[in-house]
Every structure is written in C-alpha cells, then in structure tokens.
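Scroll down for the structure; my scribbles are underneath it.
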Amino acid sequence: MTQNTPGQDKPLIIAGKTYSSRLLVGTGKYKDLDETARAIEASGADIVTMAVRRTNLGQNPDEPNLLDVISPERYTLLPNTAGCYTADDAVRTCRLARELLDGHNLVKLEVLGDQKTLYPDVVQTLKAAEQLVKEEFQVMVYTSDDPLVARQLEEIGCIAVMPLGAPIGSGLGIRNPYNIRIILENAKVPILVDAGVGTASDATVAMEMGCDGVLMNTAIAAAQDPVRMARAMRLAVESGRDAYLAGRMPRKLYASASSPIDGTFF
Amino acid sequence: MLNIQLNGERRELEGSVSVTELLDRLGFTGKRLAVELNKEILPKSLHATTMLNDGDIIEVVGAVGGG
C-alpha cells in the first residue's frame with residue numbers, strides 16, 4: 001500500500017461497478033421514511049439495503065414507499081433475505097427482489113439459524129449461494145467469521161463475503177478480529193464486516209484491519225440522533241481506511257521521546 | 001366465483017380476473033411491486049394476460065426498510 005499517495009485509494013468495486021463510499025447502510029428501524037432518507041444522505045453511502053415483504057392490502061395507496069425516498073436511480077439497492085431460515089425461502093426472496101427491481105441482480109444473502117442470536121446457518125447459506133450463483137445473481141453473502149466458510153462462499157462464486165463482527169443489532173463491535181484477519185488474508189473478493197458495529201470506533205477498527213467496507217443498520221438507526229451518527233460513521237469508515245492505507249507505526253513496549261534530546265540546556 | 005389466497009388471506013373474486021385487474025382493484029396501479037403466483041415469479045409483462053384460477057396462491061411484495 002506504500003504506492004498510495006495521500007488522497008489516493010483503489011475504489012471499492014462490487015460486481016464490476018465502482019463505488020466511492022465504503023460504508024453500506026440499511027434502511028430498517030428508522031422512525032419514519034423522512035428520517036431514513038436524511039440518515040442515508042448523511043452516511044454518504046452508495047449501496048443501501050432493503051427488505052422484501054408482503055404489501056399491506058389495507059394500505060392507503062398514496063402512502064409513500066421506501067423506493068420513493070431511496071431512489072434506485074440514485075442508490076444501488078441491495079435487497080436482503082432477512083428473516084429467511086431456509087435456503088429455499090432465501091432463493092425465493094431473491095427472485096422476487098429481482099422482479100421487483102426490474103432485473104437488478106445484486107442481492108445480500110443471509111440465512112439465519114436461530115431467532116435469539118440471528119446467527120447465520122452456514123449450511124443453508126452455502127446451499128442458497130450455490131443456487132443463486134447458478135441463477136446468475138450477484139451474491140454478497142452474510143456469514144459467520146469462520147475463515148473456511150468464507151473461502152467456500154468465495155469459491156462458489158459469491159462476489160463479496162460479509163462476515164459478522166458480532167450478532168445483528170447487538171452493537172458489540174468486532175468480537176474476533178483475528179478471524180477477520182485470516183479471512184482478509186485468504187480473500188480475493190471484497191470482504192465487508194456486516195453486523196455488530198455499535199459506534200464509530202467499531203467501524204474504524206474494521207477498516208484499519210483492511211476490510212473493504214462495513215455494512216450497518218442498527219448502529220445508525222438506534223442512535224439517539226441517527227443523522228449525526230450516520231455522519232460519524234461516514235467519517236469513521238474514511239478515517240479507518242486512511243489509517244489502513246497510511247500503515248500504522250509499530251507497537252512498542254517502551255517509550256520513545258518525540259522531542260529531540262540534543263540541544264537541551266538543563 | 002374464484003377463491004384465491006392473497007398474501008396469506010383468503011379472498012373471493014367475482015368473474016374472470018387478470019393479475020393486472022387484481023392489482024388495480026387493490027389500488028396498486030403503478031406501484032413498484034413483484035408478484036409470485038403459486039410460488040413462481042410472474043413477470044410484469046405477463047400480468048395483463050394471466051387470468052387467475054380457483055385455488056391460486058398469490059404473493060404481492062414490495063420494498064421495505066431492512067438491514
């Protein structure tokens with residue numbers, strides 16, 4: 001990374017498309033659509049996740065829709081398979097998402113194993129990933145921080161692997177940085193930490209380790225002031241990326257004076 | 001009379017109804033939606049020509065906030 005002069009960086013490339021922001025954000029848990037739109041704007045994110053759900057049959061037809069405030073023309077939408085506990089449900093959800101978004105085939109695959117932890121079911125995740133790749137979806141996959149599973153998902157053809165930092169919505173930060181490091185070392189596709197970020201420093205830690213990006217939702221939406229937190233996360237991801245590119249100083253056990261010894265007059 | 005299952009609810013429909021007509025009746029004209037008919041995607045291009053049959057299971061979905 002020493003060839004990078006300040007201000008220069010390789011862009012994040014996902015499925016052949018270049019993105020300037022390395023922060024990906026969700027649209028869940030906001031107070032209303034107005035707050036959603038303002039937080040997403042402040043985050044600077046280019047890629048924004050959404051869920052696919054049954055339309056409310058009794059709804060007022062004039063009620064604004066998520067896609068009215070998060071326009072598919074401005075943002076790259078990343079439909080998720082949240083709430084799916086089987087590979088079949090996840091594949092079905094992705095097919096509906098592709099139809100909903102007029103053939104847009106980028107998806108975030110997540111197959112959950114347990115309601116209490118929302119931990120990924122990696123067996124079902126691998127199965128769904130194989131099917132989705134066969135059906136020509138571009139799969140960004142949420143998974144555990146197991147380096148072997150991450151590698152298998154890459155081998156199947158997922159275009160980005162997104163290990164969790166901690167359980168979804170827990171805000172516990174990156175609980176196993178060593179696993180994330182091993183995943184990064186092995187990977188030839190972008191690695192993004194998805195889930196677990198609680199505050200700005202967590203996002204910075206992920207980026208300082210060399211992750212290609214961070215995906216978060218609750219850390220912004222559940223903050224007291226989501227719009228301000230969205231901005232904090234934008235800066236945190238940028239800072240962490242810059243620190244990674246700059247290359248940190250080595251850690252030393254003992255002190256090393258910052259001011260010269262020569263020229264002291266006492 | 002047609003009996004269908006729409007987003008998990010039983011519905012009775014009068015006469016012969018296309019998917020486009022069903023969406024119109026629901027007030028969904030022009031909305032960004034996706035339709036699944038008996039667990040298969042029904043592309044938008046086929047909504048107008050696809051007639052509903054007794055016992056059909058239909059899911060009409062849209063985008064909502066999510067992470």
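In the structure tokens, chains take letters A, B, ... by order of appearance, with residues numbered from 1 within each chain and ligands from 1 in the order shown.
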
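Selecting strand (DSSP E or B) from the backbone DSSP output for stretch 28-84 of chain A yields A:Ile47, A:Val48, A:Thr49, A:Met50, A:Ala51, A:Val52, A:Arg53, A:Arg54, A:Thr76, A:Leu77, A:Leu78, A:Pro79, A:Asn80.
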
*Considering only C-alpha atoms, return as an MDAnalysis selection string whatever protein or nucleic-acid residues lie within 12 Å of B:Asp24, sequence-local ones (same chain, fewer than 6 positions apart) excluded.*
(chainID A and resid 57 61) or (chainID B and resid 17:18 30:31 47:48)

*Could you pull the residues within 10 Å of B:Gly8, counting only C-alpha atoms, minus those fewer than 5 positions along the same chain, as an NGL selection string?*
(:A and (54)) or (:B and (57-59))

_Among the residues A:Thr264, A:Thr27, A:Ser43, A:Thr36, the one that comes closest to chain B [using only C-alpha atoms]_ = A:Thr27

Neighbours of chain B in chain A at 10 Å, counting only C-alpha atoms, as a CSV table (one decimal) with N, CA and C atoms, in the first residue's frame:
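Final output, saved to part.csv:
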chain,number,residue,atom,x,y,z
A,24,LEU,N,-21.8,0.8,3.7
A,24,LEU,CA,-23.1,0.4,3.2
A,24,LEU,C,-24.1,0.4,4.4
A,25,VAL,N,-25.3,0.9,4.1
A,25,VAL,CA,-26.2,1.1,5.2
A,25,VAL,C,-27.6,0.5,4.9
A,26,GLY,N,-28.2,0.1,6.0
A,26,GLY,CA,-29.6,-0.4,6.0
A,26,GLY,C,-30.6,0.6,6.1
A,27,THR,N,-31.8,0.3,5.9
A,27,THR,CA,-33.0,1.2,6.0
A,27,THR,C,-34.0,0.8,7.0
A,28,GLY,N,-33.7,-0.1,7.8
A,28,GLY,CA,-34.6,-0.6,8.8
A,28,GLY,C,-34.6,0.2,10.1
A,29,LYS,N,-35.7,0.1,10.9
A,29,LYS,CA,-35.7,0.6,12.3
A,29,LYS,C,-35.7,2.1,12.4
A,30,TYR,N,-35.9,2.8,11.4
A,30,TYR,CA,-36.0,4.3,11.5
A,30,TYR,C,-37.4,4.7,11.9
A,32,ASP,N,-39.3,7.1,10.7
A,32,ASP,CA,-40.2,7.2,9.5
A,32,ASP,C,-39.3,7.3,8.3
A,33,LEU,N,-39.9,7.5,7.1
A,33,LEU,CA,-39.1,7.5,5.9
A,33,LEU,C,-38.3,8.8,5.7
A,36,THR,N,-35.2,8.2,7.6
A,36,THR,CA,-34.4,7.2,6.8
A,36,THR,C,-33.6,7.9,5.7
A,48,VAL,N,-27.3,0.6,-0.5
A,48,VAL,CA,-28.3,0.7,0.5
A,48,VAL,C,-29.1,-0.6,0.6
A,49,THR,N,-29.2,-1.2,1.7
A,49,THR,CA,-30.0,-2.5,1.8
A,49,THR,C,-31.5,-2.2,2.0
A,50,MET,N,-32.3,-3.2,1.7
A,50,MET,CA,-33.8,-3.1,1.9
A,50,MET,C,-34.3,-4.5,2.0
A,51,ALA,N,-35.5,-4.7,2.5
A,51,ALA,CA,-36.1,-6.0,2.6
A,51,ALA,C,-37.3,-6.1,1.7
A,52,VAL,N,-37.7,-7.3,1.4
A,52,VAL,CA,-38.8,-7.6,0.6
A,52,VAL,C,-39.9,-8.2,1.5
A,53,ARG,N,-41.1,-7.6,1.5
A,53,ARG,CA,-42.2,-8.0,2.3
A,53,ARG,C,-43.5,-7.9,1.6
A,54,ARG,N,-44.5,-8.7,2.1
A,54,ARG,CA,-45.8,-8.6,1.5
A,54,ARG,C,-46.3,-7.2,1.6
A,55,THR,N,-47.0,-6.7,0.6
A,55,THR,CA,-47.6,-5.4,0.7
A,55,THR,C,-48.8,-5.5,1.6
A,56,ASN,N,-49.0,-4.4,2.3
A,56,ASN,CA,-50.2,-4.3,3.2
A,56,ASN,C,-51.4,-4.1,2.3
A,57,LEU,N,-52.3,-5.0,2.4
A,57,LEU,CA,-53.5,-5.0,1.5
A,57,LEU,C,-54.5,-3.8,1.8
A,58,GLY,N,-54.4,-3.4,3.1
A,58,GLY,CA,-55.4,-2.4,3.5
A,58,GLY,C,-54.7,-1.0,3.4
A,59,GLN,N,-53.5,-0.9,2.9
A,59,GLN,CA,-52.8,0.4,2.9
A,59,GLN,C,-53.4,1.4,2.0
A,60,ASN,N,-53.2,2.6,2.4
A,60,ASN,CA,-53.6,3.8,1.7
A,60,ASN,C,-52.7,3.8,0.4
A,61,PRO,N,-53.2,3.8,-0.8
A,61,PRO,CA,-52.4,3.7,-2.0
A,61,PRO,C,-51.4,4.9,-2.1
A,62,ASP,N,-51.7,6.0,-1.5
A,62,ASP,CA,-50.9,7.2,-1.6
A,62,ASP,C,-49.7,7.2,-0.6
A,65,ASN,N,-43.6,5.0,-0.3
A,65,ASN,CA,-43.0,3.7,-0.3
A,65,ASN,C,-41.5,4.0,-0.1
A,66,LEU,N,-40.7,3.0,0.4
A,66,LEU,CA,-39.3,3.1,0.6
A,66,LEU,C,-38.6,3.6,-0.7
A,67,LEU,N,-39.0,3.0,-1.8
A,67,LEU,CA,-38.4,3.3,-3.1
A,67,LEU,C,-38.7,4.8,-3.6
A,68,ASP,N,-39.6,5.4,-3.0
A,68,ASP,CA,-39.9,6.8,-3.3
A,68,ASP,C,-38.8,7.7,-2.7
A,70,ILE,N,-35.7,6.4,-1.3
A,70,ILE,CA,-34.4,5.8,-1.6
A,70,ILE,C,-34.5,5.4,-3.1
A,78,LEU,N,-29.6,-2.9,-2.4
A,78,LEU,CA,-29.2,-4.3,-2.1
A,78,LEU,C,-30.3,-5.0,-1.3
A,79,PRO,N,-31.2,-5.7,-2.0
A,79,PRO,CA,-32.2,-6.4,-1.3
A,79,PRO,C,-31.7,-7.5,-0.5
A,80,ASN,N,-32.2,-7.7,0.7
A,80,ASN,CA,-31.7,-8.8,1.6
A,80,ASN,C,-32.7,-9.9,1.7
A,81,THR,N,-32.2,-11.0,2.3
A,81,THR,CA,-33.1,-12.1,2.6
A,81,THR,C,-33.3,-12.3,4.1
A,82,ALA,N,-33.3,-11.1,4.7
A,82,ALA,CA,-33.5,-11.1,6.2
A,82,ALA,C,-34.8,-11.9,6.5
A,92,ARG,N,-36.2,-17.8,-3.0
A,92,ARG,CA,-37.5,-17.3,-3.4
A,92,ARG,C,-37.5,-15.8,-3.2
A,93,THR,N,-37.0,-15.3,-2.1
A,93,THR,CA,-36.9,-13.9,-1.8
A,93,THR,C,-36.1,-13.1,-2.9
A,95,ARG,N,-35.5,-14.0,-5.9
A,95,ARG,CA,-36.2,-14.0,-7.2
A,95,ARG,C,-37.2,-12.9,-7.2
A,96,LEU,N,-37.9,-12.7,-6.1
A,96,LEU,CA,-38.9,-11.7,-6.0
A,96,LEU,C,-38.3,-10.3,-6.1
A,97,ALA,N,-37.1,-10.2,-5.4
A,97,ALA,CA,-36.4,-8.9,-5.4
A,97,ALA,C,-35.9,-8.5,-6.8
A,98,ARG,N,-35.5,-9.5,-7.6
A,98,ARG,CA,-35.0,-9.2,-8.9
A,98,ARG,C,-36.2,-8.8,-9.8
A,99,GLU,N,-37.3,-9.4,-9.6
A,99,GLU,CA,-38.5,-9.0,-10.3
A,99,GLU,C,-39.0,-7.6,-9.9
A,100,LEU,N,-38.9,-7.3,-8.6
A,100,LEU,CA,-39.3,-6.0,-8.0
A,100,LEU,C,-38.4,-4.9,-8.6
A,101,LEU,N,-37.1,-5.2,-8.7
A,101,LEU,CA,-36.2,-4.1,-9.1
A,101,LEU,C,-35.8,-4.3,-10.6
A,102,ASP,N,-36.7,-4.8,-11.4
A,102,ASP,CA,-36.6,-4.8,-12.9
A,102,ASP,C,-35.3,-5.5,-13.4
A,108,LYS,N,-28.2,-9.4,-1.2
A,108,LYS,CA,-27.5,-9.7,0.1
A,108,LYS,C,-28.1,-11.0,0.6
A,168,ILE,N,-26.2,-9.6,14.8
A,168,ILE,CA,-27.0,-8.5,14.2
A,168,ILE,C,-27.7,-7.7,15.3
A,169,GLY,N,-27.6,-6.4,15.2
A,169,GLY,CA,-28.3,-5.5,16.1
A,169,GLY,C,-27.7,-5.5,17.5
A,194,ASP,N,-20.2,-7.1,8.3
A,194,ASP,CA,-21.7,-6.8,8.2
A,194,ASP,C,-22.2,-7.3,9.6
A,195,ALA,N,-22.8,-6.4,10.3
A,195,ALA,CA,-23.4,-6.6,11.6
A,195,ALA,C,-22.4,-6.6,12.8
A,215,LEU,N,-20.9,-2.8,6.6
A,215,LEU,CA,-22.4,-2.6,6.4
A,215,LEU,C,-23.0,-2.6,7.8
A,216,MET,N,-23.9,-1.6,7.9
A,216,MET,CA,-24.5,-1.5,9.2
A,216,MET,C,-25.9,-0.9,9.1
A,217,ASN,N,-26.7,-1.1,10.1
A,217,ASN,CA,-28.1,-0.6,10.1
A,217,ASN,C,-28.4,0.0,11.5
A,218,THR,N,-28.5,-0.9,12.5
A,218,THR,CA,-28.9,-0.6,13.8
A,218,THR,C,-28.0,0.5,14.5

*From stretch 99-231 of chain A, collect each residue whose DSSP state is helix (DSSP H, G or I) and return the set as a VMD selection string.*
chain A and resid 99 to 100 122 to 134 147 to 156 177 to 186 200 to 208 218 to 221 226 to 231

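Every protein, DNA or RNA residue with an atom at most 7 Å from A:Ala42, where only C-alpha atoms count and chain neighbours fewer than 3 positions away do not, is listed here: Arg38, Ala39, Val227, Ala230 and Arg231 of chain A.
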